[in-house]
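Undergrad: Contents of data-v6.cif (mmCIF, C-alpha atoms):
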data_upload
loop_
_atom_site.label_atom_id
_atom_site.label_comp_id
_atom_site.auth_asym_id
_atom_site.auth_seq_id
_atom_site.Cartn_x
_atom_site.Cartn_y
_atom_site.Cartn_z
CA MET D 131 -4.80 -5.80 17.20
CA SER D 132 -4.82 -4.26 13.73
CA ASN D 133 -8.02 -3.44 11.90
CA THR D 134 -9.38 -6.62 10.27
CA GLN D 135 -10.29 -4.93 6.99
CA SER D 136 -6.86 -3.36 6.69
CA MET D 137 -5.14 -6.68 7.40
CA ILE D 138 -7.23 -8.39 4.70
CA PHE D 139 -5.97 -5.81 2.20
CA THR D 140 -2.39 -6.54 3.28
CA ILE D 141 -2.81 -10.31 2.82
CA PHE D 142 -4.45 -9.85 -0.57
CA GLY D 143 -1.69 -7.48 -1.66
CA ASP D 144 1.24 -9.58 -0.49
CA TYR D 145 -0.07 -13.09 -1.09
CA ILE D 146 -3.46 -13.76 -2.66
CA ARG D 147 -3.00 -11.60 -5.75
CA HIS D 148 -0.11 -13.91 -6.75
CA TYR D 149 -2.38 -16.97 -6.43
CA GLY D 150 -5.23 -16.17 -8.81
CA ASN D 151 -6.59 -13.31 -6.69
CA LYS D 152 -9.31 -15.51 -5.20
CA ILE D 153 -9.70 -17.27 -1.85
CA TRP D 154 -12.23 -19.39 0.00
CA ILE D 155 -13.59 -17.55 3.04
CA GLY D 156 -12.61 -20.49 5.26
CA SER D 157 -8.96 -20.11 4.25
CA LEU D 158 -9.06 -16.36 4.81
CA ILE D 159 -10.52 -16.93 8.29
CA ARG D 160 -7.75 -19.46 9.00
CA LEU D 161 -5.03 -16.98 7.96
CA LEU D 162 -6.50 -14.10 9.96
CA LYS D 163 -6.75 -16.33 13.03
CA GLU D 164 -2.94 -16.13 13.26
CA PHE D 165 -3.33 -12.41 14.08
CA GLY D 166 -6.11 -12.83 16.62
CA HIS D 167 -9.06 -11.99 14.33
CA ASN D 168 -12.07 -14.24 14.87
CA GLU D 169 -14.43 -15.65 12.23
CA GLN D 170 -17.18 -13.10 12.85
CA ALA D 171 -14.77 -10.16 12.50
CA VAL D 172 -13.48 -11.52 9.17
CA ARG D 173 -16.98 -12.09 7.78
CA VAL D 174 -18.13 -8.62 8.82
CA ALA D 175 -15.03 -7.02 7.29
CA VAL D 176 -15.44 -8.90 3.99
CA SER D 177 -19.12 -7.94 3.82
CA ARG D 178 -18.20 -4.29 4.39
CA MET D 179 -15.51 -4.43 1.71
CA MET D 180 -18.04 -5.81 -0.77
CA LYS D 181 -20.41 -2.93 -0.05
CA LEU D 182 -17.55 -0.49 -0.61
CA GLY D 183 -16.87 -2.01 -4.02
CA TRP D 184 -13.52 -3.66 -3.25
CA PHE D 185 -14.64 -7.31 -3.35
CA GLN D 186 -16.88 -9.63 -5.33
CA SER D 187 -17.97 -13.13 -4.37
CA GLU D 188 -18.95 -16.36 -6.08
CA LYS D 189 -20.28 -19.71 -4.94
CA GLN D 190 -18.63 -23.02 -5.76
CA GLY D 191 -20.85 -25.72 -4.34
CA ASN D 192 -21.51 -24.72 -0.74
CA LYS D 193 -18.35 -22.62 -0.46
CA SER D 194 -18.04 -18.84 -0.88
CA TYR D 195 -14.98 -17.42 -2.62
CA TYR D 196 -13.92 -13.77 -2.64
CA PHE D 197 -11.85 -11.82 -5.13
CA LEU D 198 -10.97 -8.19 -5.79
CA THR D 199 -13.02 -6.05 -8.16
CA ASP D 200 -11.22 -4.19 -10.98
CA ARG D 201 -11.13 -1.15 -8.70
CA GLY D 202 -9.65 -3.22 -5.88
CA GLU D 203 -7.01 -4.73 -8.16
CA LYS D 204 -5.91 -1.31 -9.40
CA ARG D 205 -5.59 -0.02 -5.84
CA ILE D 206 -3.61 -3.09 -4.74
CA GLU D 207 -1.26 -2.89 -7.75
CA GLU D 208 -0.66 0.82 -7.22
CA ALA D 209 0.10 0.24 -3.54
CA ALA D 210 2.40 -2.69 -4.33
CA ARG D 211 4.42 -0.67 -6.84
CA ARG D 212 4.98 2.04 -4.25
CA ILE D 213 5.70 -0.32 -1.34
CA TYR D 214 8.35 -2.33 -3.19
CA GLN D 215 10.04 0.57 -5.02
CA VAL D 216 13.17 0.59 -2.91
CA GLN D 217 15.27 3.38 -4.41
CA PRO D 218 14.05 6.99 -4.91
CA HIS D 219 13.59 7.77 -8.62
CA GLU D 220 14.93 10.63 -10.73
CA TRP D 221 12.87 13.77 -11.32
CA ASP D 222 12.04 15.29 -14.71
CA GLY D 223 12.00 18.80 -13.19
CA LYS D 224 8.30 19.39 -13.75
CA TRP D 225 5.41 19.81 -11.33
CA ARG D 226 1.91 18.37 -11.64
CA MET D 227 -0.77 20.68 -10.30
CA LEU D 228 -4.37 19.73 -9.65
CA MET D 229 -6.82 22.52 -8.83
CA TYR D 230 -10.48 22.15 -7.99
CA THR D 231 -13.47 24.18 -6.89
CA ILE D 232 -16.12 21.81 -5.58
CA PRO D 233 -19.61 23.40 -5.44
CA GLU D 234 -21.57 23.39 -2.19
CA ASP D 235 -24.02 20.72 -3.34
CA LYS D 236 -21.05 18.33 -3.69
CA ARG D 237 -19.21 19.34 -0.52
CA HIS D 238 -19.79 15.86 0.98
CA ILE D 239 -17.04 14.49 -1.29
CA ARG D 240 -14.37 17.04 -0.34
CA ASP D 241 -12.90 15.21 2.64
CA GLU D 242 -12.86 11.89 0.81
CA LEU D 243 -11.23 13.53 -2.23
CA ARG D 244 -8.54 15.10 -0.03
CA ASN D 245 -7.74 11.72 1.52
CA GLU D 246 -7.54 10.12 -1.92
CA LEU D 247 -5.23 12.87 -3.18
CA MET D 248 -2.90 12.45 -0.19
CA TRP D 249 -2.88 8.66 -0.64
CA SER D 250 -1.97 9.11 -4.31
CA GLY D 251 1.00 11.30 -3.37
CA PHE D 252 -0.27 14.83 -3.90
CA GLY D 253 0.71 17.56 -1.43
CA SER D 254 -1.61 20.31 -0.23
CA PHE D 255 0.02 23.47 -1.61
CA SER D 256 -2.94 25.74 -0.82
CA ASN D 257 -6.71 25.49 -0.45
CA GLY D 258 -8.03 23.64 -3.50
CA CYS D 259 -4.55 23.34 -5.04
CA TRP D 260 -2.52 20.11 -4.89
CA ILE D 261 0.93 19.47 -6.36
CA SER D 262 3.30 16.59 -7.06
CA PRO D 263 6.68 16.19 -8.79
CA ASN D 264 5.57 12.70 -9.87
CA ASP D 265 3.50 11.78 -12.91
CA LEU D 266 0.08 11.20 -11.36
CA ALA D 267 -2.02 11.87 -14.46
CA ILE D 268 -3.62 8.43 -14.38
CA GLU D 269 -4.41 8.68 -10.65
CA ALA D 270 -5.89 12.16 -11.18
CA ARG D 271 -8.05 10.98 -14.07
CA LEU D 272 -9.37 8.03 -12.07
CA LEU D 273 -10.33 10.33 -9.19
CA VAL D 274 -12.09 12.75 -11.51
CA GLU D 275 -14.04 9.85 -13.01
CA LYS D 276 -14.80 8.28 -9.63
CA TYR D 277 -16.33 11.46 -8.20
CA ALA D 278 -17.75 12.78 -11.52
CA ILE D 279 -16.10 16.19 -11.00
CA ASP D 280 -14.62 16.81 -14.45
CA ASP D 281 -16.40 20.20 -14.62
CA TYR D 282 -14.66 21.38 -11.43
CA VAL D 283 -11.06 20.17 -11.85
CA ASP D 284 -8.02 21.35 -13.83
CA TYR D 285 -4.75 19.44 -14.11
CA PHE D 286 -1.51 21.14 -15.19
CA LEU D 287 2.05 20.10 -16.07
CA VAL D 288 4.20 23.10 -15.16
CA GLU D 289 7.68 24.41 -14.32
CA TYR D 290 8.32 26.41 -11.17
CA ARG D 291 10.22 29.65 -11.81
CA GLY D 292 10.60 30.92 -8.24
CA PRO D 293 11.13 33.01 -6.29
CA GLN D 294 11.65 30.12 -3.84
CA SER D 295 13.36 26.78 -4.43
CA ASP D 296 11.68 23.52 -5.45
CA LYS D 297 12.58 22.10 -2.03
CA ALA D 298 10.74 25.03 -0.44
CA LEU D 299 7.60 23.92 -2.28
CA VAL D 300 8.07 20.45 -0.82
CA GLU D 301 8.44 21.80 2.71
CA ARG D 302 5.30 23.86 2.23
CA SER D 303 3.19 21.01 0.85
CA TRP D 304 4.26 17.97 2.90
CA PRO D 305 5.10 17.54 6.64
CA LEU D 306 8.54 16.05 6.00
CA GLU D 307 9.70 16.29 9.61
CA LYS D 308 6.75 14.20 10.81
CA ILE D 309 7.33 11.66 8.03
CA GLU D 310 11.03 11.50 8.93
CA ALA D 311 10.17 10.86 12.59
CA LYS D 312 7.90 7.95 11.63
CA TYR D 313 10.63 6.43 9.50
CA GLU D 314 13.12 6.76 12.37
CA GLU D 315 10.70 4.94 14.67
CA PHE D 316 10.21 2.18 12.08
CA VAL D 317 13.98 1.72 11.74
CA SER D 318 14.46 1.68 15.51
CA VAL D 319 11.79 -1.00 16.07
CA TYR D 320 12.36 -3.23 13.06
CA SER D 321 16.16 -3.25 13.01
CA LYS D 322 16.04 -4.88 16.47
CA LYS D 323 13.34 -7.34 15.39
CA TYR D 324 15.36 -8.22 12.30
CA ILE D 325 18.42 -9.19 14.35
CA ILE D 326 16.32 -11.37 16.68
CA HIS D 327 14.46 -13.13 13.87
CA GLU D 328 17.59 -13.67 11.79
CA SER D 329 19.14 -15.46 14.75
CA MET D 330 15.99 -17.53 15.38
CA ILE D 331 15.71 -18.59 11.72
CA ASN D 332 19.38 -19.59 11.61
CA GLU D 333 18.84 -21.67 14.75
CA GLY D 334 15.67 -23.25 13.33
CA SER D 335 13.59 -22.02 16.29
CA MET D 336 11.08 -19.91 14.31
CA THR D 337 8.07 -21.66 12.75
CA ASP D 338 6.70 -20.99 9.26
CA ALA D 339 3.51 -19.64 10.84
CA GLU D 340 5.51 -17.19 12.94
CA CYS D 341 7.39 -16.05 9.81
CA PHE D 342 4.05 -15.56 8.04
CA VAL D 343 2.81 -13.38 10.89
CA GLU D 344 6.01 -11.33 11.03
CA ARG D 345 6.25 -10.83 7.26
CA THR D 346 2.60 -9.79 7.04
CA ASN D 347 2.97 -7.43 10.00
CA LEU D 348 6.10 -5.97 8.40
CA VAL D 349 4.28 -5.20 5.14
CA HIS D 350 1.22 -4.03 7.03
CA GLU D 351 3.26 -1.57 9.07
CA TYR D 352 5.39 -0.41 6.16
CA ARG D 353 2.41 0.21 3.87
CA LYS D 354 1.14 2.81 6.33
CA PHE D 355 3.79 5.10 4.84
CA LEU D 356 1.63 5.20 1.69
CA PHE D 357 -0.64 7.57 3.60
CA ASP D 358 2.27 9.81 4.64
CA ASP D 359 5.20 9.57 2.24
CA PRO D 360 4.48 10.94 -1.26
CA GLY D 361 7.44 9.06 -2.76
CA LEU D 362 9.38 12.16 -3.74
CA PRO D 363 12.26 11.94 -6.23
CA LYS D 364 15.75 11.98 -4.75
CA GLU D 365 16.46 15.55 -5.92
CA LEU D 366 13.74 16.86 -3.59
CA LEU D 367 14.56 14.80 -0.50
CA PRO D 368 16.76 15.93 2.41
CA GLU D 369 20.37 14.70 2.18
CA MET D 370 19.94 12.55 5.30
CA TRP D 371 16.56 10.89 4.71
CA SER D 372 15.56 8.05 7.05
CA GLY D 373 13.10 6.79 4.45
CA THR D 374 16.04 5.44 2.44
CA HIS D 375 17.32 3.46 5.44
CA ALA D 376 13.80 2.22 6.19
CA THR D 377 13.20 0.94 2.65
CA LEU D 378 16.50 -0.95 2.58
CA LEU D 379 15.74 -2.48 5.99
CA PHE D 380 12.28 -3.45 4.73
CA GLU D 381 13.75 -5.20 1.69
CA LYS D 382 16.31 -7.13 3.74
CA TYR D 383 13.79 -8.14 6.42
CA TYR D 384 11.16 -9.10 3.84
CA LYS D 385 13.57 -11.44 2.07
CA LEU D 386 14.61 -13.02 5.38
CA LEU D 387 11.00 -14.05 6.09
CA ALA D 388 9.82 -14.62 2.52
CA GLU D 389 10.35 -18.35 1.97
CA PRO D 390 9.00 -19.79 5.26
CA ALA D 391 6.10 -17.28 5.25
CA SER D 392 5.07 -18.32 1.73
CA ARG D 393 5.40 -21.97 2.71
CA PHE D 394 2.86 -21.47 5.50
CA PHE D 395 0.51 -19.51 3.25
CA GLU D 396 0.58 -22.26 0.61
CA GLU D 397 -0.06 -24.93 3.27
CA VAL D 398 -3.29 -23.13 4.24
CA PHE D 399 -4.21 -22.11 0.70
CA ALA D 400 -3.78 -25.63 -0.71
CA LYS D 401 -6.97 -26.73 1.09
CA ASP D 402 -10.06 -25.85 -1.00
CA ASN D 403 -8.24 -23.35 -3.24
CA ASP D 404 -6.46 -23.78 -6.58
CA LEU D 405 -2.67 -23.65 -6.14
CA GLY D 406 -2.40 -24.12 -9.90
CA ARG D 407 -3.41 -20.49 -10.35
CA LYS D 408 -0.18 -19.26 -8.75
CA ASP D 409 1.66 -16.80 -11.00
CA LYS D 410 4.32 -18.79 -12.84
CA GLY D 411 6.95 -16.08 -12.45
CA TYR D 412 6.30 -15.41 -8.76
CA ASP D 413 9.12 -16.13 -6.32
CA ALA D 414 8.78 -14.49 -2.89
CA ASN D 415 12.58 -14.54 -2.50
CA GLU D 416 12.95 -12.47 -5.66
CA HIS D 417 9.85 -10.30 -5.42
CA PRO D 418 9.17 -8.83 -8.89
CA LEU D 419 8.35 -5.45 -7.42
CA ILE D 420 11.36 -5.10 -5.12
CA ILE D 421 13.50 -2.80 -7.26
CA SER D 422 16.91 -2.16 -5.80
#
Any chance you could put this one into structure tokens?
TA:
Amino acid sequence: MSNTQSMIFTIFGDYIRHYGNKIWIGSLIRLLKEFGHNEQAVRVAVSRMMKLGWFQSEKQGNKSYYFLTDRGEKRIEEAARRIYQVQPHEWDGKWRMLMYTIPEDKRHIRDELRNELMWSGFGSFSNGCWISPNDLAIEARLLVEKYAIDDYVDYFLVEYRGPQSDKALVERSWPLEKIEAKYEEFVSVYSKKYIIHESMINEGSMTDAECFVERTNLVHEYRKFLFDDPGLPKELLPEMWSGTHATLLFEKYYKLLAEPASRFFEEVFAKDNDLGRKDKGYDANEHPLIIS
């Protein structure tokens, strides 16, 4: 069973943010029940997420509703843009370099900062030096503000002049072989599942609830690559990159499950929530962030 808190993030990112970004706790419990999470686990996870600054709550009568904070919304939007960006982008040829020297009295934030930098797409070039070919100026600024470390950080936009190649910098800063292996495993598992579920949907033997579970699990599994894959531009990727195959499989599989999964979500959400707050331009079949 997946972590309850992590699954809540997935459901908010793929569904709730398109429906006013707010949900009654009873509806959230009902949705998580499909994955084997009980009421107590959901309430504990939501409480923890509030303490961490991801969620806020409000009362409407005797019902409690939960919605993302500004910080939570920014994280969800950033993750969504990266999850649904299907094709690798072009590179401007420049490197972004973030260097820091955290004093001993602030050493407790080092591990957390490293995790945040990796999640944002930076690679560990050397101790205290992180690089990326992508424009991560906004992400870097938000991290500096979050940890109040502006006196200890420098951010550069630079060109690499050798003596090695740009691809050599990539190999030094990111474990591409491990990332490739994870993508190969994803393709192996989900290409088989796709064939089975395509057949079941065509036969009418797969319920909307089952499609909801499979679509959510698909996104949940695929978003784990946010912690591994920095989203490198195509010029810096290996010629045979399984990540490309995985993203195309994800898009195809997502669209297969989209309509019945959304139908089930709306059936649950319609009770004690406001369906009128659904984004007018949102169509799960033509996801606005799936860019192919």
Undergrad: Hey, can you check how far atom CA of Glu188 of chain D sits from atom CA of Arg393 of chain D?
TA: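 These atoms are spaced 26.5 Å apart.
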Undergrad: Kindly give the distance, in Å, that separates atom CA of Tyr277 of chain D and atom CA of Arg147 of chain D, rounded to a single decimal.
TA: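 Between atom CA of Tyr277 of chain D and atom CA of Arg147 of chain D the gap works out to 26.7 Å.
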Undergrad: Counting all atoms listed in the file, which residues in segment 135-181 of chain D sit no more than 12 Å from segment 318-341 of chain D? For each one, give the nearest pair of atoms and the distance in Å, sorted by chain then residue number, as JSON lines.
TA:
{"residue": "D:Arg160", "atom": "CA", "partner": "D:Ala339", "partner_atom": "CA", "distance": 11.4}
{"residue": "D:Leu161", "atom": "CA", "partner": "D:Ala339", "partner_atom": "CA", "distance": 9.4}
{"residue": "D:Leu162", "atom": "CA", "partner": "D:Ala339", "partner_atom": "CA", "distance": 11.5}
{"residue": "D:Lys163", "atom": "CA", "partner": "D:Ala339", "partner_atom": "CA", "distance": 11.0}
{"residue": "D:Glu164", "atom": "CA", "partner": "D:Ala339", "partner_atom": "CA", "distance": 7.7}
{"residue": "D:Phe165", "atom": "CA", "partner": "D:Glu340", "partner_atom": "CA", "distance": 10.1}
Undergrad: Just the number, please: distance in Å from atom CA of Leu228 of chain D to atom CA of Trp260 of chain D, one decimal.
TA: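 Answer for the atom CA of Leu228 of chain D to atom CA of Trp260 of chain D separation: 5.1 Å.
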Undergrad: Running the PyMOL selection byres ((chain D and resi 245-254) around 7) on this model by hand, what would come out? Give it as a ChimeraX atom specification.
TA: /D:241-244,255-256,259-262,269,303-304,356-357,360-361
Undergrad: List as number ranges by chain the protein and nucleic acid residues near segment 364-374 of chain D, meaning an atom at most 9 Å away when all atoms listed in the file are counted, but skip any in the same chain fewer than 3 places from it.
TA: D: 216-221, 263, 296-297, 300, 306, 309-314, 317, 359, 377-379
Undergrad: Run through the PyMOL selection byres ((chain D and resi 231) around 9) on the given coordinates and return the selected residues as a list in words.
TA: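 This file gives the following for the PyMOL selection byres ((chain D and resi 231) around 9): Met229, Tyr230, Ile232, Pro233, Gly258, Tyr282 and Val283 of chain D.
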Undergrad: My list of candidates is D:Arg302, D:Arg201, D:Ser157, D:Val288. Which is closest to Ala400 of chain D when distances are computed with only C-alpha atoms?
TA: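 Counting only C-alpha atoms, the residue closest to Ala400 of chain D is D:Ser157.
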Undergrad: Please determine, counting only C-alpha atoms, which residue among D:Leu405, D:Ile153, D:Ala210, D:Met179 has the shortest atom-to-atom distance to His350 of chain D.
TA: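 Checking each of D:Leu405, D:Ile153, D:Ala210, D:Met179 against His350 of chain D, counting only C-alpha atoms, the winner is D:Ala210.
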Undergrad: Using only C-alpha atoms, which of the listed residues (D:Ser295, D:Asn264, D:Ser392, D:Asn133) sits closest to Gly166 of chain D?
TA: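 That would be D:Asn133, the residue with the smallest distance to Gly166 of chain D.
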Undergrad: My list of candidates is D:Tyr352, D:Tyr285, D:Phe185, D:Tyr384. Which is closest to Met227 of chain D when distances are computed with all atoms listed in the file?
TA: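 With all atoms listed in the file as the atom set, the closest residue is D:Tyr285.
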Undergrad: With the cut-off set at 12 Å and counting all atoms listed in the file, tabulate each residue of segment 276-393 of chain D with an atom at most that distance from an atom of segment 141-144 of chain D, showing the nearest atom pair and its distance in Å to one decimal, ordered by chain and increasing number, as CSV.
TA:
residue,atom,partner,partner_atom,distance
D:Phe342,CA,D:Ile141,CA,10.1
D:Val343,CA,D:Ile141,CA,10.3
D:Arg345,CA,D:Asp144,CA,9.3
D:Thr346,CA,D:Ile141,CA,6.9
D:Asn347,CA,D:Ile141,CA,9.7
D:Leu348,CA,D:Asp144,CA,10.8
D:Val349,CA,D:Asp144,CA,7.8
D:His350,CA,D:Ile141,CA,8.6
D:Arg353,CA,D:Gly143,CA,10.3
D:Tyr384,CA,D:Asp144,CA,10.8
D:Ala388,CA,D:Asp144,CA,10.4
D:Ala391,CA,D:Asp144,CA,10.8
D:Ser392,CA,D:Asp144,CA,9.8
Undergrad: Restricting the calculation to only C-alpha atoms, which member of D:Trp184, D:Tyr149, D:Phe394, D:Tyr195 is positioned closest to Tyr412 of chain D?
TA: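 For Tyr412 of chain D, the nearest of the candidates is D:Tyr149.
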Undergrad: Any chance you could model all heavy atoms for segment 141-152 of chain D and send them as a PDB file, in the coordinates of the input?
TA:
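As a result, out_32.pdb now contains:
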ATOM      1  N   ILE D 141      -2.973  -8.917   3.235  1.00  0.00           N
ATOM      2  CA  ILE D 141      -2.810 -10.310   2.820  1.00  0.00           C
ATOM      3  C   ILE D 141      -3.134 -10.493   1.343  1.00  0.00           C
ATOM      4  O   ILE D 141      -2.453 -11.237   0.628  1.00  0.00           O
ATOM      5  CB  ILE D 141      -3.655 -11.240   3.713  1.00  0.00           C
ATOM      6  CG1 ILE D 141      -3.071 -11.261   5.136  1.00  0.00           C
ATOM      7  CG2 ILE D 141      -3.712 -12.654   3.146  1.00  0.00           C
ATOM      8  CD1 ILE D 141      -3.884 -12.056   6.133  1.00  0.00           C
ATOM      9  N   PHE D 142      -4.145  -9.792   0.863  1.00  0.00           N
ATOM     10  CA  PHE D 142      -4.450  -9.850  -0.570  1.00  0.00           C
ATOM     11  C   PHE D 142      -3.290  -9.276  -1.376  1.00  0.00           C
ATOM     12  O   PHE D 142      -2.880  -9.842  -2.398  1.00  0.00           O
ATOM     13  CB  PHE D 142      -5.747  -9.093  -0.891  1.00  0.00           C
ATOM     14  CG  PHE D 142      -6.919  -9.998  -1.116  1.00  0.00           C
ATOM     15  CD1 PHE D 142      -7.675 -10.442  -0.051  1.00  0.00           C
ATOM     16  CD2 PHE D 142      -7.266 -10.424  -2.386  1.00  0.00           C
ATOM     17  CE1 PHE D 142      -8.756 -11.292  -0.239  1.00  0.00           C
ATOM     18  CE2 PHE D 142      -8.330 -11.269  -2.604  1.00  0.00           C
ATOM     19  CZ  PHE D 142      -9.082 -11.700  -1.527  1.00  0.00           C
ATOM     20  N   GLY D 143      -2.746  -8.149  -0.915  1.00  0.00           N
ATOM     21  CA  GLY D 143      -1.690  -7.480  -1.660  1.00  0.00           C
ATOM     22  C   GLY D 143      -0.385  -8.245  -1.681  1.00  0.00           C
ATOM     23  O   GLY D 143       0.330  -8.247  -2.685  1.00  0.00           O
ATOM     24  N   ASP D 144      -0.057  -8.923  -0.584  1.00  0.00           N
ATOM     25  CA  ASP D 144       1.240  -9.580  -0.490  1.00  0.00           C
ATOM     26  C   ASP D 144       1.199 -11.055  -0.852  1.00  0.00           C
ATOM     27  O   ASP D 144       2.242 -11.635  -1.173  1.00  0.00           O
ATOM     28  CB  ASP D 144       1.813  -9.417   0.922  1.00  0.00           C
ATOM     29  CG  ASP D 144       3.325  -9.627   0.944  1.00  0.00           C
ATOM     30  OD1 ASP D 144       3.987  -9.232  -0.029  1.00  0.00           O
ATOM     31  OD2 ASP D 144       3.834 -10.170   1.941  1.00  0.00           O
ATOM     32  N   TYR D 145       0.029 -11.669  -0.822  1.00  0.00           N
ATOM     33  CA  TYR D 145      -0.070 -13.090  -1.090  1.00  0.00           C
ATOM     34  C   TYR D 145      -1.103 -13.429  -2.170  1.00  0.00           C
ATOM     35  O   TYR D 145      -0.750 -13.911  -3.242  1.00  0.00           O
ATOM     36  CB  TYR D 145      -0.431 -13.866   0.184  1.00  0.00           C
ATOM     37  CG  TYR D 145       0.611 -13.815   1.273  1.00  0.00           C
ATOM     38  CD1 TYR D 145       0.563 -12.846   2.260  1.00  0.00           C
ATOM     39  CD2 TYR D 145       1.646 -14.747   1.329  1.00  0.00           C
ATOM     40  CE1 TYR D 145       1.518 -12.789   3.270  1.00  0.00           C
ATOM     41  CE2 TYR D 145       2.603 -14.701   2.336  1.00  0.00           C
ATOM     42  CZ  TYR D 145       2.526 -13.721   3.300  1.00  0.00           C
ATOM     43  OH  TYR D 145       3.477 -13.664   4.295  1.00  0.00           O
ATOM     44  N   ILE D 146      -2.375 -13.182  -1.862  1.00  0.00           N
ATOM     45  CA  ILE D 146      -3.460 -13.760  -2.660  1.00  0.00           C
ATOM     46  C   ILE D 146      -3.439 -13.305  -4.102  1.00  0.00           C
ATOM     47  O   ILE D 146      -3.778 -14.071  -5.011  1.00  0.00           O
ATOM     48  CB  ILE D 146      -4.822 -13.453  -1.995  1.00  0.00           C
ATOM     49  CG1 ILE D 146      -4.850 -14.054  -0.581  1.00  0.00           C
ATOM     50  CG2 ILE D 146      -5.975 -14.014  -2.820  1.00  0.00           C
ATOM     51  CD1 ILE D 146      -5.998 -13.583   0.281  1.00  0.00           C
ATOM     52  N   ARG D 147      -2.999 -12.072  -4.369  1.00  0.00           N
ATOM     53  CA  ARG D 147      -3.000 -11.600  -5.750  1.00  0.00           C
ATOM     54  C   ARG D 147      -2.005 -12.377  -6.612  1.00  0.00           C
ATOM     55  O   ARG D 147      -2.108 -12.366  -7.844  1.00  0.00           O
ATOM     56  CB  ARG D 147      -2.691 -10.110  -5.811  1.00  0.00           C
ATOM     57  CG  ARG D 147      -1.288  -9.716  -5.441  1.00  0.00           C
ATOM     58  CD  ARG D 147      -1.169  -8.205  -5.296  1.00  0.00           C
ATOM     59  NE  ARG D 147       0.199  -7.821  -4.999  1.00  0.00           N
ATOM     60  CZ  ARG D 147       1.096  -7.519  -5.928  1.00  0.00           C
ATOM     61  NH1 ARG D 147       0.749  -7.540  -7.209  1.00  0.00           N
ATOM     62  NH2 ARG D 147       2.320  -7.185  -5.604  1.00  0.00           N
ATOM     63  N   HIS D 148      -1.049 -13.072  -5.997  1.00  0.00           N
ATOM     64  CA  HIS D 148      -0.110 -13.910  -6.750  1.00  0.00           C
ATOM     65  C   HIS D 148      -0.651 -15.317  -6.962  1.00  0.00           C
ATOM     66  O   HIS D 148      -0.013 -16.130  -7.626  1.00  0.00           O
ATOM     67  CB  HIS D 148       1.219 -13.995  -6.008  1.00  0.00           C
ATOM     68  CG  HIS D 148       1.882 -12.672  -5.798  1.00  0.00           C
ATOM     69  ND1 HIS D 148       2.309 -11.873  -6.828  1.00  0.00           N
ATOM     70  CD2 HIS D 148       2.173 -11.993  -4.659  1.00  0.00           C
ATOM     71  CE1 HIS D 148       2.848 -10.765  -6.339  1.00  0.00           C
ATOM     72  NE2 HIS D 148       2.771 -10.813  -5.034  1.00  0.00           N
ATOM     73  N   TYR D 149      -1.805 -15.616  -6.367  1.00  0.00           N
ATOM     74  CA  TYR D 149      -2.380 -16.970  -6.430  1.00  0.00           C
ATOM     75  C   TYR D 149      -3.782 -16.949  -7.031  1.00  0.00           C
ATOM     76  O   TYR D 149      -4.707 -17.575  -6.531  1.00  0.00           O
ATOM     77  CB  TYR D 149      -2.418 -17.567  -5.020  1.00  0.00           C
ATOM     78  CG  TYR D 149      -1.051 -17.855  -4.451  1.00  0.00           C
ATOM     79  CD1 TYR D 149      -0.273 -16.834  -3.904  1.00  0.00           C
ATOM     80  CD2 TYR D 149      -0.517 -19.147  -4.473  1.00  0.00           C
ATOM     81  CE1 TYR D 149       0.993 -17.088  -3.384  1.00  0.00           C
ATOM     82  CE2 TYR D 149       0.745 -19.410  -3.953  1.00  0.00           C
ATOM     83  CZ  TYR D 149       1.494 -18.375  -3.413  1.00  0.00           C
ATOM     84  OH  TYR D 149       2.743 -18.632  -2.908  1.00  0.00           O
ATOM     85  N   GLY D 150      -3.944 -16.211  -8.112  1.00  0.00           N
ATOM     86  CA  GLY D 150      -5.230 -16.170  -8.810  1.00  0.00           C
ATOM     87  C   GLY D 150      -6.189 -15.147  -8.262  1.00  0.00           C
ATOM     88  O   GLY D 150      -7.321 -15.039  -8.738  1.00  0.00           O
ATOM     89  N   ASN D 151      -5.774 -14.426  -7.210  1.00  0.00           N
ATOM     90  CA  ASN D 151      -6.590 -13.310  -6.690  1.00  0.00           C
ATOM     91  C   ASN D 151      -7.945 -13.751  -6.159  1.00  0.00           C
ATOM     92  O   ASN D 151      -8.893 -12.974  -6.143  1.00  0.00           O
ATOM     93  CB  ASN D 151      -6.765 -12.250  -7.792  1.00  0.00           C
ATOM     94  CG  ASN D 151      -7.264 -10.922  -7.248  1.00  0.00           C
ATOM     95  OD1 ASN D 151      -6.912 -10.538  -6.133  1.00  0.00           O
ATOM     96  ND2 ASN D 151      -8.095 -10.239  -7.997  1.00  0.00           N
ATOM     97  N   LYS D 152      -8.029 -15.006  -5.711  1.00  0.00           N
ATOM     98  CA  LYS D 152      -9.310 -15.510  -5.200  1.00  0.00           C
ATOM     99  C   LYS D 152      -9.041 -16.456  -4.044  1.00  0.00           C
ATOM    100  O   LYS D 152      -8.089 -17.244  -4.094  1.00  0.00           O
ATOM    101  CB  LYS D 152     -10.081 -16.237  -6.309  1.00  0.00           C
ATOM    102  CG  LYS D 152     -11.458 -16.737  -5.889  1.00  0.00           C
ATOM    103  CD  LYS D 152     -12.055 -17.648  -6.958  1.00  0.00           C
ATOM    104  CE  LYS D 152     -12.230 -16.919  -8.280  1.00  0.00           C
ATOM    105  NZ  LYS D 152     -12.880 -17.801  -9.292  1.00  0.00           N
TER     106      LYS D 152
END
